[in-house]
Amino acid sequence: MNVGKGLNVLLTALFITLFFAFLFGPLVIMVITAFNSSVFPRISPWDCFTTDWFRTLAGDRMLLSGLLNTMIIGAGVIIVAVPVGLAGALALAEASDRLRSILYTVMIVPILLPGVVIGISTIIFWNWLSYRLGDLEFLTDGIFLSILGQVTFIAAYSMLVFTSRLQRYDFGLTEAALDLGATPGQAFRKVLLPFLRPAIASAAVLAFLSSAENYNTTAFTIGAQSTFTTVLASKVRYGINPSISAVAVIIIAITLVAAIINEVHGRRRHALLSGGRARARIMGNPILCIAGHPAFVALILLVAIAAAVVAGGRYDSSVCTARILEEKRALQEKLMQQMTPAAPASETTPAPPPPPTSPPSTGGGLNPYSGVFGGGSLPGPANPAPPATPPSPSATSSPSAAGQPTNPYANVFSPGNLPGAAAPSSPPAPPSTSSPPP
Amino acid sequence: MTKTVNLDHVTIRFGSYTAVDNVDLSIAGGEFFSFLGPSGCGKTTLLRCISGFVEPTAGRVLIGGKDMRGIGPNKRPTALIFQNLALFPLMSVADNIAFPLEVRGVSKRDRRRRADQLLELIALAGQGDKKVQELSGGQRQRVAIARALAVEPDILLLDEPLSALDLKLRQHMRTELRAIQKQVGLTFIYITHDQGEALIMSDRVAVMSAGVIEQIDVPAAIYDRPRTSFVASFVGETNALHGKVGAQEDDVVALDLPSGRRVFGLAGGNRRYRPGDACTIFIRPEQLKLATAESFNRLPASVIDIEFEGSTRHIRLEAEEAQLRLTLMNEGTPASLAPGDRLELSFDPEIASVLPSGPMAKA
Ligand SMILES: Nc1ncnc2c1ncn2[C@@H]1O[C@H](COP(=O)(O)OP(=O)(O)O)[C@@H](O)[C@H]1O
Ligand SMILES: [Mg+2]
């Protein structure tokens with residue numbers, strides 16, 4: 001019996017561990033990679049602790065302008081989707097039973113539709129309308145279209161949030177307000193709206209998050225512009241570096257801070273509302289009263305973050321990165337000597353030694369590993385391979401092709417070097433058309 | 001100011017369902033008027049019609065002589081106290097009471113002053129800053145009344161306002177409500193399914209059944225002179241004996257019971273019966289007596305059981321015609337009755353009502 005019980009506990013513990021590892025493992029790994037100086041996001045081999053990826057991020061024009069667009073679109077979506085969702089929920093609440101189920105289905109359809117369909121139909125419709133109205137520019141603007149496209153389904157999310165809140169609303173309260181002399185507008189503003197305030201906040205947050213993370217619809221509606229997600233997506237396509245992990249760290253930090261403040265706020269509110277001893281304890285003790293206040297907690301968290309930012313800004317990893325770079329170059333030379341005993345090309349074009357103090361750049365052109373997973377060296381005709389080097393089956397005998405003379409690994413995965421891989425017969429495709437620079 | 005309320009042949013239908021059927025009555029200014037009826041008989045619907053949430057399907061509602069058709073609830077001189085009170089949970093007590101003033105644009109200072117006055121009226125002075133949830137049931141009740149009074153309505157409509165309270169509080173609030181009504185002198189229209197409330201507080205009572213007004217009268221008349229079988233069986237306890245009319249002279253009716261016995265009572269509602277009409281005679285348990293030598297209207301019966309309730313004894317008896325209930329005052333003499341005893345009951349014809357047999361209230 002005891003053995004069985006012990007086994008049970010063990011299995012449960014194992015399951016829980018695995019479950020959390022599954023949930024949070026990727027996040028933890030990603031956070032760690034943001035501080036590794038390696039150009040590709042990874043945790044081993046560990047190169048150097050660095051905060052440079054945040055600097056890289058801060059200097060990334062594309063990403064920042066995408067972020068700005070995301071903010072604008074998010075704000076627009078909140079402004080439109082929340083009232084529309086509220087109106088829908090109110091209509092549902094007041095409709096008769098038969099009408100309600102029809103109305104509900106109609107309003108829920110945009111959630112069920114693939115985002116791509118919404119995206120395409122939005123462009124087509126508004127382009128047509130714009131054309132019909134005599135080429136109204138703003139009707140085909142990427143931000144305008146993205147807001148509208150996203151609102152079609154995010155308004156339905158808002159509606160669901162409001163519907164669940166309204167289920168607990170006693171419409172007798174609105175009647176009471178009317179009976180007491182309020183106009184319908186006053187009854188709405190003074191009675192229903194305060195009741196819905198938590199739902200409005202939830203709906204706004206949900207709307208913003210759904211808008212910010214949306215890709216399917218936005219990829220179509222944004223047109224020549226870009227948002228945070230479309231920039232990220234194109235980055236992944238062109239080869240990522242840990243500045244993406246740095247983005248993740250920032251997002252996770254913001255989420256955590258918001259969650260902590262929300263939790264503190266909720267607990268305090270609960271304690272105060274429940275009255276009795278919990279409340280007396282908070283009100284009676286000035287330290288508890290201040291320490292438990294959400295604003296105070298927010299202040300502490302902000303100070304901690306500011307400290308982390310300042311400390312990170314001071315930290316200089318250049319010495320370490322220079323050393324690592326040197327080691328790699330040595331290794332590389334050794335490999336080159338081993339692999340190409342008679343390759344005149346490598347002799348004639350030696351690698352230009354990178355300046356040891358330069359921070360890693362986004363392009364990573366100077367880094368020995370930059371090409372490994374860079375789009376240019378991934379197999380497949382869709383990837384933008386360097387146009388100048390159509391790989392030939394005979395490349396195996398001369399690994400340092402003319403295109404990337406400095407990097408011994410550059411061609412390891414290139415199509416021509418893969419044993420058995422068919423050489424792409426098509427010419428190298430141009431970069432994907434959906435993500436042009438802004 | 002007080003205003004009269006006239007319901008002019010008001011009918012309210014929901015689809016094919018008739019919730020209120022041809023109600024025609026008028027309520028005087030300053031009157032405490034109650035609608036009494038079982039749950040689902042259309043009382044709330046009628047009240048919502050007076051306050052403007054429901055338009056009558058047919059007929060008119062007049063307040064102070066003015067037709068109210070098309071006038072919304074917020075424009076009528078009525079204030080409704082909802083069955084569940086409908087206090088605003090997110091506002092303080094004072095804000096609840098001052099709400100009608102707020103929406104009328106009264107300044108904050110005046111609002112506060114008026115709220116304080118009303119809090120005093122309902123004996124909750126100094127508790128204006130509390131949350132509604134922090135009050136007891138009876139206090140919330142009074143807040144709802146104060147909030148309605150803040151409207152300065154001509155007519156106060158109350159929808160079973162005491163039904164959520166426990167018995168003690170309910171009895172206390174009855175007197176309190178009546179006192180408030182006397183003090184402010186408004187027309188009160190009160191809805192209840194509790195006959196005790198209706199009889200104690202009201203100037204007049206309308207008994208309703210299935211959307212129809214059965215009788216409108218002062219409380220004593222409702223109890224002593226019911227006009228229909230429904231009223232007789234719904235208001236108070238009663239014994240019902242079915243039979244056929246033998247003869248009628250003036251308003252005294254001779255009713256032949258199935259057992260062959262003939263009893264006498266008064267024709268309810270000044271009706272004229274013909275011999276052979278199916279009728280029911282109603283006798284209150286406290287108006288049944290133990291028969292003496294000279295009594296007539298005799299009913300032999302045997303005791304089933306006895307409930308002792310301090311001031312009274314409730315005795316269940318089996319008569320040939322029906323089961324009977326008898327209430328005897330405790331007059332200090334030791335109880336000489338025991339289950340199984342046979343005895344003879346009698347009643348005064350003056351207090352027994354003979355009414356056409358019809359639908360009766362469920363016990
Ligand atoms: N809005 C409505 N739609 C349909 N039927 C209703 C509506 N309001 C009330 N009723 C019906 O009218 C009848 C009377 O209801 P109500 O006036 O609330 O009764 P009471 O207050 O006497 O208990 C009930 O059968 C109820 O189902
Ligand atoms: Mg009711």
# chains A, B, ... in the order shown; residues from 1 in each chain; ligands from 1
>>> interface_residues(of="chain A", to="chain B", cutoff="6 Å", atoms="only C-alpha atoms", output="mmCIF file with N, CA and C atoms, in the first residue's frame")
data_model
loop_
_atom_site.group_PDB
_atom_site.id
_atom_site.type_symbol
_atom_site.label_atom_id
_atom_site.label_comp_id
_atom_site.auth_asym_id
_atom_site.auth_seq_id
_atom_site.Cartn_x
_atom_site.Cartn_y
_atom_site.Cartn_z
ATOM 1 N N LEU A 173 -32.966 47.395 -11.928
ATOM 2 C CA LEU A 173 -32.276 48.604 -11.465
ATOM 3 C C LEU A 173 -32.451 49.739 -12.467
ATOM 4 N N LEU A 178 -35.449 54.713 -13.972
ATOM 5 C CA LEU A 178 -36.442 55.394 -14.803
ATOM 6 C C LEU A 178 -37.618 55.846 -13.946
ATOM 7 N N ASP A 179 -38.056 54.938 -13.084
ATOM 8 C CA ASP A 179 -39.210 55.235 -12.257
ATOM 9 C C ASP A 179 -38.928 56.419 -11.333
ATOM 10 N N LEU A 180 -37.648 56.542 -10.934
ATOM 11 C CA LEU A 180 -37.289 57.617 -10.017
ATOM 12 C C LEU A 180 -37.056 58.923 -10.765
ATOM 13 N N GLY A 181 -37.291 58.922 -12.063
ATOM 14 C CA GLY A 181 -37.245 60.176 -12.805
ATOM 15 C C GLY A 181 -36.059 60.331 -13.728
ATOM 16 N N ALA A 182 -35.182 59.315 -13.781
ATOM 17 C CA ALA A 182 -34.027 59.434 -14.666
ATOM 18 C C ALA A 182 -34.464 59.272 -16.111
#
>>> residues_around(residues="His193 of chain B", least_positions_apart="2", cutoff="8 Å", atoms="only C-alpha atoms", output="JSON, numbers by chain")
{"B": [36, 37, 38, 39, 160, 191, 195]}
>>> write_last_selection(atoms="N, CA, C and O atoms", output="PDB file, in the first residue's frame")
ATOM      1  N   LEU B  36     -54.912  42.481  -3.282  1.00  0.00           N
ATOM      2  CA  LEU B  36     -54.589  41.236  -2.608  1.00  0.00           C
ATOM      3  C   LEU B  36     -54.939  40.083  -3.531  1.00  0.00           C
ATOM      4  O   LEU B  36     -56.039  40.045  -4.089  1.00  0.00           O
ATOM      5  N   GLY B  37     -53.988  39.187  -3.716  1.00  0.00           N
ATOM      6  CA  GLY B  37     -54.291  38.037  -4.570  1.00  0.00           C
ATOM      7  C   GLY B  37     -53.134  37.072  -4.555  1.00  0.00           C
ATOM      8  O   GLY B  37     -52.025  37.432  -4.161  1.00  0.00           O
ATOM      9  N   PRO B  38     -53.395  35.839  -4.980  1.00  0.00           N
ATOM     10  CA  PRO B  38     -52.325  34.844  -4.967  1.00  0.00           C
ATOM     11  C   PRO B  38     -51.259  35.212  -6.000  1.00  0.00           C
ATOM     12  O   PRO B  38     -51.493  36.016  -6.892  1.00  0.00           O
ATOM     13  N   SER B  39     -50.119  34.599  -5.849  1.00  0.00           N
ATOM     14  CA  SER B  39     -49.005  34.846  -6.751  1.00  0.00           C
ATOM     15  C   SER B  39     -49.392  34.494  -8.184  1.00  0.00           C
ATOM     16  O   SER B  39     -50.007  33.473  -8.428  1.00  0.00           O
ATOM     17  N   GLU B 160     -45.296  44.131  -2.962  1.00  0.00           N
ATOM     18  CA  GLU B 160     -44.926  43.150  -1.935  1.00  0.00           C
ATOM     19  C   GLU B 160     -43.640  43.538  -1.214  1.00  0.00           C
ATOM     20  O   GLU B 160     -42.699  42.754  -1.156  1.00  0.00           O
ATOM     21  N   ILE B 191     -49.382  46.171  -2.920  1.00  0.00           N
ATOM     22  CA  ILE B 191     -49.657  44.851  -3.479  1.00  0.00           C
ATOM     23  C   ILE B 191     -49.177  43.785  -2.528  1.00  0.00           C
ATOM     24  O   ILE B 191     -48.085  43.911  -1.975  1.00  0.00           O
ATOM     25  N   GLN B 195     -52.863  38.223   3.229  1.00  0.00           N
ATOM     26  CA  GLN B 195     -54.122  38.859   3.621  1.00  0.00           C
ATOM     27  C   GLN B 195     -53.991  39.656   4.908  1.00  0.00           C
ATOM     28  O   GLN B 195     -54.640  40.686   5.073  1.00  0.00           O
TER      29      GLN B 195
END
>>> residues_near_ligand(ligand="ligand 1", cutoff="10 Å", atoms="only C-alpha atoms and all ligand atoms", output="ChimeraX atom specification")
/B:12-20,35-49,53-54,83,159-160,191-193,208-211
>>> residues_around(residues="Ile351 of chain B", least_positions_apart="5", cutoff="9 Å", atoms="only C-alpha atoms", output="CSV table (one decimal) with N, CA, C and O atoms, in the first residue's frame")
chain,number,residue,atom,x,y,z
B,224,ASP,N,-65.8,39.7,6.4
B,224,ASP,CA,-67.1,39.3,6.9
B,224,ASP,C,-68.2,39.0,5.8
B,224,ASP,O,-69.1,38.3,6.0
B,225,ARG,N,-68.1,39.8,4.8
B,225,ARG,CA,-69.1,39.7,3.7
B,225,ARG,C,-68.4,39.5,2.4
B,225,ARG,O,-68.5,40.3,1.4
B,265,GLY,N,-78.2,30.8,5.9
B,265,GLY,CA,-77.2,31.8,5.9
B,265,GLY,C,-77.7,33.0,5.1
B,265,GLY,O,-78.8,33.1,4.6
B,266,LEU,N,-76.8,34.1,5.0
B,266,LEU,CA,-77.1,35.3,4.3
B,266,LEU,C,-76.6,35.2,2.8
B,266,LEU,O,-75.5,34.7,2.6
B,282,PHE,N,-70.3,29.5,3.7
B,282,PHE,CA,-69.0,29.7,4.4
B,282,PHE,C,-69.1,30.1,5.8
B,282,PHE,O,-69.8,31.1,6.1
B,283,ILE,N,-68.5,29.4,6.7
B,283,ILE,CA,-68.5,29.8,8.1
B,283,ILE,C,-67.1,29.8,8.7
B,283,ILE,O,-66.4,28.9,8.5
B,284,ARG,N,-66.7,30.9,9.3
B,284,ARG,CA,-65.4,31.1,9.9
B,284,ARG,C,-65.2,30.1,11.1
B,284,ARG,O,-66.2,30.0,11.9
B,287,GLN,N,-66.4,31.4,14.3
B,287,GLN,CA,-67.8,31.7,14.4
B,287,GLN,C,-68.6,30.5,14.6
B,287,GLN,O,-69.9,30.6,14.7
>>> select_by_dssp(residues="segment 40-274 of chain A", states="alpha helix (DSSP H)", output="number ranges by chain")
A: 52-58, 61-94, 97-112, 115-132, 142-166, 171-179, 184-187, 193-213, 216-221, 228-238, 243-274
>>> residues_around(residues="Leu288 of chain B", least_positions_apart="2", cutoff="6 Å", atoms="only C-alpha atoms", output="VMD selection string")
chain B and resid 285 to 286 346 to 347
>>> write_last_selection(atoms="C-alpha atoms", output="PDB file, in the first residue's frame")
ATOM      1  CA  PRO B 285     -63.834  28.639  12.406  1.00  0.00           C
ATOM      2  CA  GLU B 286     -64.109  31.178  15.214  1.00  0.00           C
ATOM      3  CA  SER B 346     -74.052  25.474  15.373  1.00  0.00           C
ATOM      4  CA  PHE B 347     -73.637  28.909  13.812  1.00  0.00           C
TER       5      PHE B 347
END
>>> residues_around(residues="Phe228 of chain A", least_positions_apart="6", cutoff="9 Å", atoms="only C-alpha atoms", output="PDB file with C-alpha atoms, in the first residue's frame")
ATOM      1  CA  MET A  62      11.275  48.870 -38.233  1.00  0.00           C
ATOM      2  CA  LEU A  63      10.221  47.315 -34.984  1.00  0.00           C
ATOM      3  CA  LEU A  64       9.649  50.639 -33.267  1.00  0.00           C
ATOM      4  CA  SER A  65       7.524  52.014 -36.053  1.00  0.00           C
ATOM      5  CA  GLY A  66       5.641  48.711 -36.113  1.00  0.00           C
ATOM      6  CA  LEU A  67       5.120  49.030 -32.385  1.00  0.00           C
ATOM      7  CA  LEU A  68       3.779  52.543 -32.813  1.00  0.00           C
ATOM      8  CA  ASN A  69       1.337  51.301 -35.445  1.00  0.00           C
ATOM      9  CA  THR A  70       0.299  48.476 -33.152  1.00  0.00           C
ATOM     10  CA  MET A  71      -0.440  50.987 -30.414  1.00  0.00           C
ATOM     11  CA  ALA A 212      -1.677  43.569 -30.774  1.00  0.00           C
ATOM     12  CA  GLU A 213      -1.124  39.868 -31.256  1.00  0.00           C
TER      13      GLU A 213
END
>>> atom_distance(atom1="atom CA of Gln215 of chain B", atom2="atom CA of Arg227 of chain B")
6.5 Å
>>> closest_residue(among="B:Leu62, B:Leu118, B:Leu162, B:Leu7", to="Ala98 of chain B", atoms="only C-alpha atoms")
B:Leu118
>>> residues_around(residues="segment 140-143 of chain B", least_positions_apart="3", cutoff="7 Å", atoms="only C-alpha atoms", output="ChimeraX atom specification")
/B:85,97,122,132,135-137,146-147
>>> atom_distance(atom1="atom CA of Ala179 of chain B", atom2="atom CA of Ala206 of chain B")
21.1 Å
>>> atom_distance(atom1="atom CA of Thr51 of chain A", atom2="atom CA of Leu27 of chain A")
17.8 Å
>>> residues_around(residues="Arg279 of chain A", least_positions_apart="5", cutoff="12 Å", atoms="only C-alpha atoms", output="ChimeraX atom specification")
/A:267-274,284-285,288-289,292
